[in-house]
>>> print(open('upload.txt').read())   # compact mmCIF, C-alpha atoms
# COMPACT_ATOMS: atom_id res chain seq x y z
CA MET O 1 -51.20 1.60 -87.92
CA ALA O 2 -49.28 -1.21 -89.56
CA ASP O 3 -45.58 -1.02 -90.25
CA GLU O 4 -44.59 -4.66 -90.40
CA ALA O 5 -46.16 -5.65 -93.72
CA ASN O 6 -43.52 -6.06 -96.42
CA PRO O 7 -44.78 -4.12 -99.48
CA TYR O 8 -43.02 -6.44 -101.93
CA GLU O 9 -44.76 -9.45 -100.39
CA SER O 10 -48.05 -7.54 -100.53
CA LEU O 11 -47.58 -6.94 -104.26
CA GLN O 12 -46.85 -10.62 -104.87
CA GLU O 13 -49.96 -11.65 -102.93
CA GLN O 14 -52.11 -9.26 -105.00
CA ILE O 15 -50.73 -10.76 -108.21
CA ASP O 16 -51.41 -14.30 -106.98
CA ASP O 17 -54.98 -13.36 -106.05
CA ALA O 18 -55.68 -12.18 -109.60
CA ALA O 19 -53.72 -14.98 -111.30
CA ALA O 20 -56.09 -17.51 -109.70
CA TYR O 21 -58.78 -16.24 -112.11
CA LEU O 22 -56.56 -16.45 -115.21
CA ASP O 23 -55.39 -19.39 -117.30
CA VAL O 24 -51.71 -18.46 -117.29
CA GLU O 25 -48.71 -20.75 -116.89
CA GLU O 26 -47.26 -20.67 -113.38
CA GLY O 27 -43.78 -19.86 -114.69
CA VAL O 28 -45.09 -16.75 -116.44
CA ILE O 29 -46.74 -15.52 -113.27
CA ALA O 30 -43.53 -16.15 -111.31
CA ARG O 31 -41.66 -14.01 -113.85
CA LEU O 32 -44.19 -11.19 -113.41
CA LYS O 33 -43.76 -11.15 -109.62
CA ALA O 34 -40.07 -10.22 -109.55
CA PRO O 35 -38.07 -7.28 -110.93
CA GLU O 36 -35.83 -7.73 -113.94
CA ARG O 37 -33.03 -5.78 -112.25
CA VAL O 38 -32.37 -3.52 -109.27
CA LEU O 39 -29.64 -0.89 -109.02
CA GLU O 40 -28.44 -0.43 -105.44
CA THR O 41 -25.82 2.25 -104.90
CA ASN O 42 -24.14 4.42 -102.28
CA LEU O 43 -24.16 8.17 -102.94
CA THR O 44 -21.43 10.21 -101.27
CA PHE O 45 -21.99 13.95 -101.39
CA GLU O 46 -20.61 17.06 -99.75
CA ARG O 47 -22.51 18.82 -97.00
CA ASP O 48 -22.49 22.61 -96.78
CA ASP O 49 -19.92 22.46 -93.96
CA GLY O 50 -17.49 20.54 -96.18
CA SER O 51 -18.06 17.13 -94.58
CA LEU O 52 -19.00 14.07 -96.61
CA GLU O 53 -22.11 11.95 -96.16
CA THR O 54 -23.05 8.63 -97.74
CA VAL O 55 -26.66 7.55 -98.31
CA ARG O 56 -28.28 4.52 -99.91
CA ALA O 57 -30.18 4.79 -103.21
CA TYR O 58 -32.10 2.37 -105.44
CA ARG O 59 -33.69 2.04 -108.88
CA SER O 60 -35.82 -1.01 -109.67
CA GLN O 61 -36.77 -1.91 -113.25
CA PHE O 62 -39.56 -4.39 -112.73
CA ASN O 63 -40.92 -5.26 -116.16
CA GLY O 64 -40.54 -3.81 -119.65
CA ASP O 65 -42.83 -6.05 -121.69
CA ARG O 66 -45.20 -3.20 -122.59
CA GLY O 67 -42.69 -0.38 -123.01
CA PRO O 68 -39.98 1.65 -121.27
CA TYR O 69 -39.75 1.40 -117.49
CA LYS O 70 -41.67 4.24 -115.85
CA GLY O 71 -41.91 5.40 -112.27
CA GLY O 72 -41.01 8.01 -109.71
CA ILE O 73 -38.09 8.74 -107.42
CA ARG O 74 -38.85 9.35 -103.74
CA TYR O 75 -36.76 10.87 -100.95
CA HIS O 76 -37.72 9.37 -97.61
CA PRO O 77 -35.79 7.85 -94.70
CA GLY O 78 -37.95 4.73 -94.94
CA VAL O 79 -36.88 3.88 -98.50
CA THR O 80 -35.72 0.24 -98.74
CA ARG O 81 -34.87 -2.20 -101.49
CA ASP O 82 -38.12 -4.14 -101.00
CA GLU O 83 -40.21 -0.97 -100.97
CA VAL O 84 -38.73 0.17 -104.27
CA LYS O 85 -39.24 -3.29 -105.79
CA ALA O 86 -42.88 -3.23 -104.74
CA LEU O 87 -43.47 0.27 -106.03
CA SER O 88 -41.89 -0.59 -109.38
CA GLY O 89 -44.17 -3.63 -109.64
CA TRP O 90 -47.24 -1.59 -108.85
CA MET O 91 -46.20 0.75 -111.67
CA VAL O 92 -46.23 -2.15 -114.16
CA TYR O 93 -49.84 -2.97 -113.37
CA LYS O 94 -50.86 0.67 -112.98
CA CYS O 95 -49.70 1.43 -116.52
CA ALA O 96 -51.36 -1.72 -117.82
CA VAL O 97 -54.73 -1.11 -116.14
CA VAL O 98 -55.04 2.32 -117.82
CA ASP O 99 -53.51 0.87 -121.01
CA ILE O 100 -50.57 3.19 -121.55
CA PRO O 101 -47.46 1.69 -123.22
CA TYR O 102 -45.02 1.62 -120.33
CA GLY O 103 -43.47 -0.93 -118.04
CA GLY O 104 -42.73 -0.21 -114.40
CA GLY O 105 -39.81 1.25 -112.50
CA LYS O 106 -39.24 3.08 -109.23
CA GLY O 107 -36.37 4.71 -107.39
CA GLY O 108 -35.57 6.27 -104.06
CA ILE O 109 -32.93 7.72 -101.80
CA ALA O 110 -33.04 6.93 -98.07
CA ILE O 111 -32.92 10.51 -96.77
CA ASP O 112 -35.22 12.99 -95.06
CA PRO O 113 -35.03 16.03 -97.37
CA GLY O 114 -35.99 18.29 -94.48
CA ASP O 115 -32.55 17.66 -92.99
CA TYR O 116 -30.70 19.12 -95.98
CA SER O 117 -30.29 22.48 -97.69
CA ALA O 118 -31.33 23.04 -101.30
CA ALA O 119 -27.66 22.99 -102.33
CA GLU O 120 -27.10 19.66 -100.59
CA LEU O 121 -30.21 18.17 -102.19
CA GLU O 122 -28.99 19.32 -105.58
CA ARG O 123 -25.64 17.63 -105.05
CA VAL O 124 -27.18 14.31 -103.98
CA THR O 125 -29.74 14.47 -106.81
CA ARG O 126 -27.10 15.11 -109.44
CA GLY O 127 -25.01 12.30 -107.93
CA PHE O 128 -27.96 9.93 -108.26
CA ALA O 129 -28.60 11.11 -111.83
CA THR O 130 -24.98 10.31 -112.66
CA GLU O 131 -25.41 6.77 -111.31
CA LEU O 132 -28.68 6.37 -113.23
CA ARG O 133 -27.26 7.68 -116.50
CA PRO O 134 -26.41 4.26 -118.04
CA PHE O 135 -29.84 2.87 -117.17
CA ILE O 136 -32.28 5.65 -118.12
CA GLY O 137 -33.28 7.26 -121.41
CA GLU O 138 -36.30 8.38 -123.41
CA ASP O 139 -36.89 4.85 -124.71
CA ARG O 140 -35.37 2.94 -121.79
CA ASP O 141 -36.39 4.15 -118.32
CA ILE O 142 -38.17 7.42 -117.59
CA PRO O 143 -38.18 8.57 -113.94
CA ALA O 144 -40.65 11.06 -112.44
CA PRO O 145 -41.46 12.73 -109.09
CA ASP O 146 -42.73 10.83 -106.08
CA VAL O 147 -42.82 11.40 -102.31
CA ASN O 148 -40.79 14.51 -101.36
CA THR O 149 -39.60 15.20 -104.90
CA GLY O 150 -41.01 17.50 -107.54
CA GLN O 151 -40.24 19.72 -110.51
CA ARG O 152 -36.99 21.02 -109.02
CA GLU O 153 -35.42 17.58 -108.63
CA MET O 154 -36.65 16.46 -112.06
CA ASN O 155 -35.10 19.55 -113.65
CA TRP O 156 -31.77 18.72 -111.98
CA ILE O 157 -31.87 15.13 -113.25
CA LYS O 158 -32.74 16.25 -116.78
CA ASP O 159 -29.91 18.80 -116.81
CA THR O 160 -27.38 16.30 -115.43
CA TYR O 161 -28.32 13.66 -117.98
CA GLU O 162 -28.31 16.06 -120.93
CA THR O 163 -24.97 17.57 -119.88
CA LEU O 164 -23.25 14.21 -119.47
CA GLU O 165 -24.74 12.84 -122.69
CA ASN O 166 -24.10 16.10 -124.58
CA THR O 167 -27.63 16.02 -125.97
CA THR O 168 -31.12 17.45 -125.61
CA ALA O 169 -33.52 14.81 -124.30
CA PRO O 170 -36.42 16.35 -122.33
CA GLY O 171 -38.30 13.04 -122.50
CA VAL O 172 -35.71 11.35 -120.28
CA ILE O 173 -37.77 12.38 -117.26
CA THR O 174 -41.27 13.66 -116.58
CA GLY O 175 -42.78 15.92 -113.93
CA LYS O 176 -40.57 18.81 -115.00
CA ALA O 177 -41.39 22.51 -114.77
CA ILE O 178 -43.29 23.85 -117.78
CA ASP O 179 -40.34 25.87 -119.09
CA SER O 180 -38.12 22.77 -118.87
CA GLY O 181 -40.49 20.67 -120.98
CA GLY O 182 -43.14 19.80 -118.41
CA SER O 183 -46.84 19.36 -119.11
CA ALA O 184 -49.78 21.45 -118.06
CA GLY O 185 -51.91 19.54 -115.57
CA ARG O 186 -49.11 17.26 -114.33
CA VAL O 187 -49.00 18.59 -110.75
CA GLU O 188 -52.75 17.98 -110.28
CA ALA O 189 -52.89 14.69 -112.18
CA THR O 190 -52.76 12.15 -109.33
CA GLY O 191 -55.33 14.03 -107.29
CA ARG O 192 -57.51 14.46 -110.37
CA SER O 193 -57.58 10.74 -111.15
CA THR O 194 -58.42 10.06 -107.50
CA MET O 195 -61.40 12.39 -107.82
CA LEU O 196 -62.46 10.80 -111.12
CA ALA O 197 -62.19 7.31 -109.61
CA ALA O 198 -64.38 8.37 -106.70
CA ARG O 199 -66.91 10.04 -108.99
CA GLU O 200 -67.20 7.01 -111.27
CA THR O 201 -67.50 4.63 -108.32
CA PHE O 202 -70.27 6.61 -106.66
CA ASP O 203 -72.10 6.82 -110.00
CA TRP O 204 -71.75 3.04 -110.49
CA LEU O 205 -73.11 2.45 -106.99
CA GLY O 206 -76.04 4.76 -107.71
CA ARG O 207 -74.99 7.28 -105.09
CA ASP O 208 -74.70 11.05 -105.39
CA ILE O 209 -71.18 12.24 -104.60
CA GLU O 210 -72.60 15.70 -103.87
CA ASP O 211 -74.02 14.23 -100.68
CA ALA O 212 -70.78 12.48 -99.67
CA THR O 213 -68.69 13.24 -96.61
CA VAL O 214 -64.95 12.83 -97.18
CA ALA O 215 -61.86 12.23 -95.03
CA VAL O 216 -58.37 12.50 -96.52
CA GLN O 217 -55.35 10.93 -94.82
CA GLY O 218 -52.18 12.58 -96.10
CA TYR O 219 -52.38 16.20 -97.24
CA GLY O 220 -49.51 16.45 -99.68
CA ASN O 221 -49.98 17.03 -103.37
CA ALA O 222 -52.26 14.08 -104.18
CA GLY O 223 -54.42 14.38 -101.07
CA SER O 224 -54.88 18.14 -101.21
CA VAL O 225 -55.68 18.19 -104.93
CA ALA O 226 -58.14 15.31 -104.60
CA ALA O 227 -59.80 17.09 -101.67
CA ALA O 228 -60.16 20.34 -103.61
CA LEU O 229 -61.59 18.62 -106.69
CA LEU O 230 -64.03 16.57 -104.62
CA ASP O 231 -65.06 19.82 -102.93
CA ASP O 232 -65.72 21.23 -106.41
CA LEU O 233 -68.09 18.31 -107.06
CA GLY O 234 -70.07 19.27 -103.97
CA ALA O 235 -68.73 16.67 -101.54
CA THR O 236 -68.07 17.80 -97.95
CA LEU O 237 -64.50 17.49 -96.68
CA VAL O 238 -64.85 16.87 -92.93
CA ALA O 239 -61.35 15.66 -91.95
CA VAL O 240 -57.75 15.74 -93.15
CA SER O 241 -54.45 14.68 -91.63
CA ASP O 242 -50.72 14.72 -92.23
CA SER O 243 -47.69 13.58 -90.24
CA SER O 244 -48.46 16.25 -87.61
CA GLY O 245 -51.93 14.89 -86.84
CA GLY O 246 -55.45 15.55 -88.08
CA ILE O 247 -58.27 18.08 -88.00
CA TYR O 248 -62.03 17.58 -88.07
CA ASP O 249 -64.99 19.85 -88.71
CA PRO O 250 -68.42 18.23 -89.19
CA ASP O 251 -69.62 21.35 -91.02
CA GLY O 252 -66.88 21.01 -93.61
CA LEU O 253 -63.35 22.25 -94.25
CA ASP O 254 -62.33 24.44 -97.16
CA ALA O 255 -59.78 22.22 -98.95
CA ARG O 256 -57.82 25.05 -100.56
CA THR O 257 -57.70 27.17 -97.41
CA VAL O 258 -56.35 24.20 -95.44
CA LYS O 259 -53.71 23.69 -98.13
CA SER O 260 -52.67 27.33 -97.87
CA TYR O 261 -52.52 27.02 -94.08
CA LYS O 262 -50.26 23.99 -94.36
CA ALA O 263 -48.02 25.81 -96.85
CA GLU O 264 -47.61 28.64 -94.34
CA THR O 265 -47.19 26.56 -91.17
CA GLY O 266 -45.87 23.23 -92.44
CA ALA O 267 -48.79 21.24 -90.98
CA VAL O 268 -52.59 21.00 -90.92
CA SER O 269 -52.62 20.80 -87.11
CA GLY O 270 -53.88 23.91 -85.39
CA TYR O 271 -56.10 24.98 -88.28
CA GLU O 272 -58.62 27.60 -87.10
CA THR O 273 -61.43 26.15 -85.00
CA ALA O 274 -61.19 22.58 -86.27
CA GLU O 275 -61.06 19.80 -83.71
CA ALA O 276 -57.76 17.94 -83.35
CA ILE O 277 -57.92 14.20 -84.12
CA THR O 278 -55.43 11.39 -84.51
CA ASN O 279 -54.57 9.65 -87.75
CA ASP O 280 -56.34 6.46 -86.64
CA GLU O 281 -59.44 8.44 -85.72
CA LEU O 282 -59.54 9.84 -89.23
CA LEU O 283 -59.05 6.42 -90.84
CA THR O 284 -61.95 4.97 -88.84
CA MET O 285 -64.27 7.98 -89.12
CA ASP O 286 -67.86 7.42 -90.19
CA VAL O 287 -67.72 9.03 -93.64
CA ASP O 288 -68.95 8.10 -97.09
CA LEU O 289 -65.51 8.31 -98.70
CA LEU O 290 -62.04 7.72 -97.23
CA VAL O 291 -58.98 8.73 -99.27
CA PRO O 292 -55.69 7.35 -97.92
CA ALA O 293 -53.07 9.55 -99.60
CA ALA O 294 -49.92 9.05 -97.53
CA LEU O 295 -47.57 6.03 -97.47
CA GLU O 296 -47.89 2.23 -97.55
CA ASN O 297 -49.48 0.15 -94.80
CA ALA O 298 -51.68 2.89 -93.35
CA VAL O 299 -54.43 0.37 -92.61
CA ASP O 300 -53.78 -3.16 -91.30
CA ALA O 301 -56.29 -5.91 -90.53
CA GLU O 302 -56.81 -4.74 -86.95
CA LEU O 303 -57.60 -1.17 -87.98
CA ALA O 304 -59.69 -2.33 -90.95
CA VAL O 305 -62.22 -3.82 -88.55
CA ASP O 306 -63.02 -0.27 -87.43
CA VAL O 307 -62.99 1.45 -90.83
CA SER O 308 -66.43 3.01 -91.15
CA ALA O 309 -66.26 4.51 -94.66
CA ASP O 310 -68.46 3.03 -97.37
CA VAL O 311 -65.88 3.62 -100.13
CA VAL O 312 -62.08 3.78 -99.91
CA VAL O 313 -60.21 5.31 -102.84
CA GLU O 314 -56.46 4.77 -102.66
CA ALA O 315 -54.52 7.89 -103.65
CA ALA O 316 -51.38 6.45 -102.06
CA ASN O 317 -49.52 3.33 -103.18
CA GLY O 318 -50.26 0.29 -101.03
CA PRO O 319 -52.08 2.02 -98.16
CA LEU O 320 -53.92 -1.20 -97.22
CA THR O 321 -52.18 -4.42 -96.27
CA PRO O 322 -53.53 -7.56 -98.01
CA ASP O 323 -55.07 -8.68 -94.72
CA ALA O 324 -56.83 -5.33 -94.40
CA ASP O 325 -58.12 -5.77 -97.94
CA ASP O 326 -59.60 -9.13 -96.98
CA VAL O 327 -61.32 -7.63 -93.94
CA LEU O 328 -62.83 -4.77 -95.93
CA THR O 329 -64.01 -7.13 -98.68
CA GLU O 330 -65.76 -9.31 -96.10
CA ARG O 331 -67.37 -6.22 -94.56
CA GLY O 332 -68.67 -4.97 -97.91
CA VAL O 333 -66.50 -1.84 -98.07
CA TRP O 334 -65.72 -0.85 -101.66
CA VAL O 335 -61.99 -0.34 -102.17
CA VAL O 336 -60.91 1.40 -105.38
CA PRO O 337 -57.30 0.25 -105.80
CA ASP O 338 -54.19 2.36 -106.09
CA VAL O 339 -53.15 0.88 -109.44
CA PHE O 340 -56.21 2.56 -110.91
CA ALA O 341 -57.14 5.45 -108.64
CA ASN O 342 -53.76 7.21 -108.58
CA ALA O 343 -52.82 6.42 -112.18
CA GLY O 344 -53.39 10.03 -113.23
CA GLY O 345 -49.80 10.87 -112.42
CA VAL O 346 -48.26 8.34 -114.77
CA THR O 347 -50.93 9.01 -117.40
CA VAL O 348 -50.10 12.71 -117.60
CA SER O 349 -46.41 11.80 -117.41
CA TYR O 350 -47.11 9.79 -120.57
CA PHE O 351 -48.70 12.89 -122.11
CA GLU O 352 -45.61 14.90 -121.13
CA TRP O 353 -43.35 12.29 -122.74
CA ILE O 354 -45.42 12.42 -125.95
CA GLN O 355 -45.17 16.21 -126.00
CA ASN O 356 -41.41 16.05 -125.45
CA ARG O 357 -40.96 13.58 -128.30
CA GLN O 358 -43.11 15.68 -130.64
CA ARG O 359 -41.74 19.03 -129.40
CA PHE O 360 -45.35 20.21 -129.21
CA HIS O 361 -47.18 21.42 -126.09
CA TRP O 362 -50.77 20.49 -125.32
CA THR O 363 -53.20 22.87 -123.65
CA GLU O 364 -54.29 22.10 -120.09
CA GLU O 365 -57.81 21.58 -121.39
CA ARG O 366 -56.58 18.83 -123.71
CA VAL O 367 -54.60 17.19 -120.91
CA VAL O 368 -57.61 17.19 -118.57
CA ASP O 369 -59.95 15.86 -121.27
CA GLU O 370 -57.58 13.07 -122.32
CA LEU O 371 -56.98 12.08 -118.69
CA GLU O 372 -60.71 11.88 -117.98
CA ARG O 373 -61.24 9.71 -121.06
CA ILE O 374 -58.50 7.27 -120.06
CA ILE O 375 -59.63 7.02 -116.42
CA THR O 376 -63.31 6.54 -117.26
CA ASP O 377 -62.49 3.93 -119.94
CA ALA O 378 -60.26 2.09 -117.46
CA PHE O 379 -63.03 2.09 -114.85
CA GLU O 380 -65.43 0.52 -117.32
CA GLY O 381 -62.86 -2.19 -118.04
CA ILE O 382 -62.43 -2.92 -114.33
CA ILE O 383 -66.18 -3.13 -113.77
CA ASP O 384 -66.60 -5.42 -116.80
CA ALA O 385 -63.93 -7.75 -115.41
CA TYR O 386 -65.47 -7.62 -111.93
CA GLU O 387 -68.97 -8.46 -113.11
CA GLN O 388 -68.16 -10.96 -115.87
CA ASN O 389 -65.71 -13.00 -113.79
CA GLU O 390 -67.61 -12.73 -110.48
CA LEU O 391 -64.48 -11.42 -108.75
CA PRO O 392 -64.32 -10.73 -105.00
CA ASN O 393 -63.36 -7.05 -105.22
CA LEU O 394 -62.27 -4.23 -107.51
CA ARG O 395 -58.57 -4.70 -106.75
CA THR O 396 -58.62 -8.24 -108.09
CA ALA O 397 -60.55 -6.97 -111.12
CA ALA O 398 -57.93 -4.29 -111.81
CA TYR O 399 -55.12 -6.86 -111.58
CA VAL O 400 -56.98 -9.29 -113.85
CA VAL O 401 -57.22 -6.56 -116.50
CA ALA O 402 -53.58 -5.54 -116.05
CA LEU O 403 -52.14 -9.05 -115.91
CA ARG O 404 -53.92 -10.03 -119.11
CA ARG O 405 -52.32 -7.12 -120.93
CA VAL O 406 -48.82 -7.77 -119.58
CA VAL O 407 -49.06 -11.51 -120.23
CA ASN O 408 -50.29 -10.87 -123.79
CA ALA O 409 -47.35 -8.55 -124.46
CA TYR O 410 -44.90 -11.08 -123.06
CA GLU O 411 -46.33 -14.02 -125.01
CA GLN O 412 -46.54 -12.02 -128.24
CA GLY O 413 -42.87 -11.10 -127.91
CA GLY O 414 -41.85 -14.66 -127.07
CA ASN O 415 -39.22 -15.89 -124.64
CA TRP O 416 -35.63 -16.41 -125.74
CA PRO O 417 -32.23 -16.47 -123.95
>>> encode(input="upload.txt", output="structure tokens")
Amino acid sequence: MADEANPYESLQEQIDDAAAYLDVEEGVIARLKAPERVLETNLTFERDDGSLETVRAYRSQFNGDRGPYKGGIRYHPGVTRDEVKALSGWMVYKCAVVDIPYGGGKGGIAIDPGDYSAAELERVTRGFATELRPFIGEDRDIPAPDVNTGQREMNWIKDTYETLENTTAPGVITGKAIDSGGSAGRVEATGRSTMLAARETFDWLGRDIEDATVAVQGYGNAGSVAAALLDDLGATLVAVSDSSGGIYDPDGLDARTVKSYKAETGAVSGYETAEAITNDELLTMDVDLLVPAALENAVDAELAVDVSADVVVEAANGPLTPDADDVLTERGVWVVPDVFANAGGVTVSYFEWIQNRQRFHWTEERVVDELERIITDAFEGIIDAYEQNELPNLRTAAYVVALRRVVNAYEQGGNWP
């Protein structure tokens, strides 16, 4: 397991790799490798016992050439300035590769939410929303959920913003509960796009996904939804893991039953008669499809040598270090990159934003159909770029597509002081 790779440096290396295949001025590429601004703030909030605690929080607005900044807010003790900068950059290219009119942003608070009560989390969330108030808005910067946040936190941010602004602006944030202006299909969106990316890749490779064995690292929302939807396609889920460890059953695991077990116990470990395995054992398991769905840097170059999957579909952001990517490319392992595979979340967030602006709700069927159209169209664009430009891997192809769109938007707008 790697933990030393700087995610911001990884992002910049990925951009450079793709830029080598484009005729773009070096100064433009340099501009597209750094955020436009980063808010770094201390949040002081009251604990339930009356004491005060101060935590660090960030919001990075990476690039707005194609539209308002867009990206989630995560609560995790490992949140850093560089991590948030990297995540906001990945959002720029994620939105561009699926061709939705957003830029990229990302935020985070360096806390472990498990250490706080709901009331304490509400206070720190509303404090963060107050700090973000001058920087966000329906046409400016639109946050969303990320690691360890969800509808509850988004509802608090929306309410804080609307109260302080004395307005009604449901489109200021996405990932809300349905009754607070959320969209049908949003909770499942990231996992659904991961499934669609896997399905399209297997079809392109001439393989039947019904015969595929699958291992999923990280069994939160994205991982568990992807597992269930792949199960629905007929694939066999043989291993899953979370921070507690992993489980393995060569005869197959029921994805939804494992999810229910985790909801009851807080972990996948100890599930029925499944064999206990380590996270590294899962990542190097001999399966047809590996889905890393946890945090960044799950696979480094050393571990990549032992990865035995034929296809890796990244449900998480940045789960492979650039060196690991190089190793897997040399070994002929197909890696479907995060900026495409997990773009379902931001795509359905876009649908939610549209619904909020129009004050008109879509049916879940419409959301699912529109998402499938966007993901399948984006896959065709990536494959066209890969084949026409003789690119080394699908990640470079995705960045070539995305960079072209961002560069075009920038050049069409012009540069002025």
>>> closest_atom_pairs(input="upload.txt", of="segment 362-410 of chain O", to="segment 343-346 of chain O", cutoff="9 Å", atoms="all atoms listed in the file", output="tab-separated table")
residue	atom	partner	partner_atom	distance
O:Leu371	CA	O:Gly344	CA	6.8
O:Glu372	CA	O:Gly344	CA	8.9
O:Ile374	CA	O:Gly344	CA	9.0
O:Ile375	CA	O:Gly344	CA	7.6
>>> write_last_selection(input="upload.txt", atoms="C-alpha atoms", output="compact mmCIF listing (two decimals), in the frame of the given file")
# COMPACT_ATOMS: atom_id res chain seq x y z
CA LEU O 371 -56.98 12.08 -118.69
CA GLU O 372 -60.71 11.88 -117.98
CA ILE O 374 -58.50 7.27 -120.06
CA ILE O 375 -59.63 7.02 -116.42
>>> closest_atom_pairs(input="upload.txt", of="segment 196-230 of chain O", to="segment 282-301 of chain O", cutoff="10 Å", atoms="only C-alpha atoms", output="CSV")
residue,atom,partner,partner_atom,distance
O:Ala198,CA,O:Leu289,CA,8.1
O:Phe202,CA,O:Leu289,CA,9.4
O:Ile209,CA,O:Asp288,CA,8.9
O:Asp211,CA,O:Asp288,CA,8.7
O:Ala212,CA,O:Asp288,CA,5.4
O:Thr213,CA,O:Asp288,CA,5.2
O:Val214,CA,O:Leu289,CA,4.8
O:Ala215,CA,O:Leu290,CA,5.0
O:Val216,CA,O:Val291,CA,4.7
O:Gln217,CA,O:Pro292,CA,4.7
O:Gly218,CA,O:Ala294,CA,4.4
O:Tyr219,CA,O:Ala293,CA,7.1
O:Gly220,CA,O:Ala294,CA,7.7
O:Asn221,CA,O:Ala293,CA,8.9
O:Ala222,CA,O:Ala293,CA,6.5
O:Gly223,CA,O:Ala293,CA,5.2
O:Ser224,CA,O:Ala293,CA,8.9
O:Ala226,CA,O:Val291,CA,8.5
O:Ala227,CA,O:Val291,CA,8.7
>>> atom_distance(input="upload.txt", atom1="atom CA of Arg359 of chain O", atom2="atom CA of Arg140 of chain O")
18.9 Å
>>> residues_around(input="upload.txt", residues="Thr41 of chain O", least_positions_apart="5", cutoff="12 Å", atoms="all atoms listed in the file", output="PyMOL selection string")
chain O and resi 54-60+80-81+107-110+127-132
>>> closest_residue(input="upload.txt", among="O:Val407, O:Arg207, O:Thr257, O:Pro337", to="Asp231 of chain O", atoms="all atoms listed in the file")
O:Thr257
>>> residues_around(input="upload.txt", residues="Tyr8 of chain O", least_positions_apart="2", cutoff="6 Å", atoms="all atoms listed in the file", output="JSON, numbers by chain")
{"O": [6, 10, 11, 82, 86]}
>>> residues_around(input="upload.txt", residues="segment 92-101 of chain O", least_positions_apart="4", cutoff="7 Å", atoms="all atoms listed in the file", output="list in words")
Asn63, Arg66, Gly67, Ser88, Val339, Phe340, Ala343, Ile374, Ile375, Ala378, Ala398, Tyr399, Val401, Ala402, Leu403, Arg405 and Val406 of chain O
>>> closest_residue(input="upload.txt", among="O:Val368, O:Ile354, O:Ile247, O:Val307", to="Thr190 of chain O", atoms="all atoms listed in the file")
O:Val368
>>> build_atoms(input="upload.txt", residues="segment 88-99 of chain O", atoms="N, CA and C atoms", output="PDB file, in the coordinates of the input")
ATOM      1  N   SER O  88     -42.135  -0.422-107.941  1.00  0.00           N
ATOM      2  CA  SER O  88     -41.890  -0.590-109.380  1.00  0.00           C
ATOM      3  C   SER O  88     -42.851  -1.623-109.964  1.00  0.00           C
ATOM      4  N   GLY O  89     -43.189  -2.658-109.175  1.00  0.00           N
ATOM      5  CA  GLY O  89     -44.170  -3.630-109.640  1.00  0.00           C
ATOM      6  C   GLY O  89     -45.554  -3.036-109.760  1.00  0.00           C
ATOM      7  N   TRP O  90     -45.940  -2.252-108.761  1.00  0.00           N
ATOM      8  CA  TRP O  90     -47.240  -1.590-108.850  1.00  0.00           C
ATOM      9  C   TRP O  90     -47.327  -0.701-110.093  1.00  0.00           C
ATOM     10  N   MET O  91     -46.200  -0.095-110.468  1.00  0.00           N
ATOM     11  CA  MET O  91     -46.200   0.750-111.670  1.00  0.00           C
ATOM     12  C   MET O  91     -46.479  -0.062-112.926  1.00  0.00           C
ATOM     13  N   VAL O  92     -45.958  -1.297-112.995  1.00  0.00           N
ATOM     14  CA  VAL O  92     -46.230  -2.150-114.160  1.00  0.00           C
ATOM     15  C   VAL O  92     -47.730  -2.299-114.356  1.00  0.00           C
ATOM     16  N   TYR O  93     -48.418  -2.650-113.275  1.00  0.00           N
ATOM     17  CA  TYR O  93     -49.840  -2.970-113.370  1.00  0.00           C
ATOM     18  C   TYR O  93     -50.696  -1.699-113.414  1.00  0.00           C
ATOM     19  N   LYS O  94     -50.178  -0.625-112.859  1.00  0.00           N
ATOM     20  CA  LYS O  94     -50.860   0.670-112.980  1.00  0.00           C
ATOM     21  C   LYS O  94     -50.892   1.117-114.436  1.00  0.00           C
ATOM     22  N   CYS O  95     -49.737   1.035-115.107  1.00  0.00           N
ATOM     23  CA  CYS O  95     -49.700   1.430-116.520  1.00  0.00           C
ATOM     24  C   CYS O  95     -50.576   0.516-117.362  1.00  0.00           C
ATOM     25  N   ALA O  96     -50.576  -0.774-117.030  1.00  0.00           N
ATOM     26  CA  ALA O  96     -51.360  -1.720-117.820  1.00  0.00           C
ATOM     27  C   ALA O  96     -52.860  -1.519-117.617  1.00  0.00           C
ATOM     28  N   VAL O  97     -53.283  -1.211-116.397  1.00  0.00           N
ATOM     29  CA  VAL O  97     -54.730  -1.110-116.140  1.00  0.00           C
ATOM     30  C   VAL O  97     -55.328   0.096-116.859  1.00  0.00           C
ATOM     31  N   VAL O  98     -54.537   1.166-117.054  1.00  0.00           N
ATOM     32  CA  VAL O  98     -55.040   2.320-117.820  1.00  0.00           C
ATOM     33  C   VAL O  98     -54.569   2.264-119.266  1.00  0.00           C
ATOM     34  N   ASP O  99     -53.885   1.182-119.631  1.00  0.00           N
ATOM     35  CA  ASP O  99     -53.510   0.870-121.010  1.00  0.00           C
ATOM     36  C   ASP O  99     -52.627   1.934-121.653  1.00  0.00           C
TER      37      ASP O  99
END
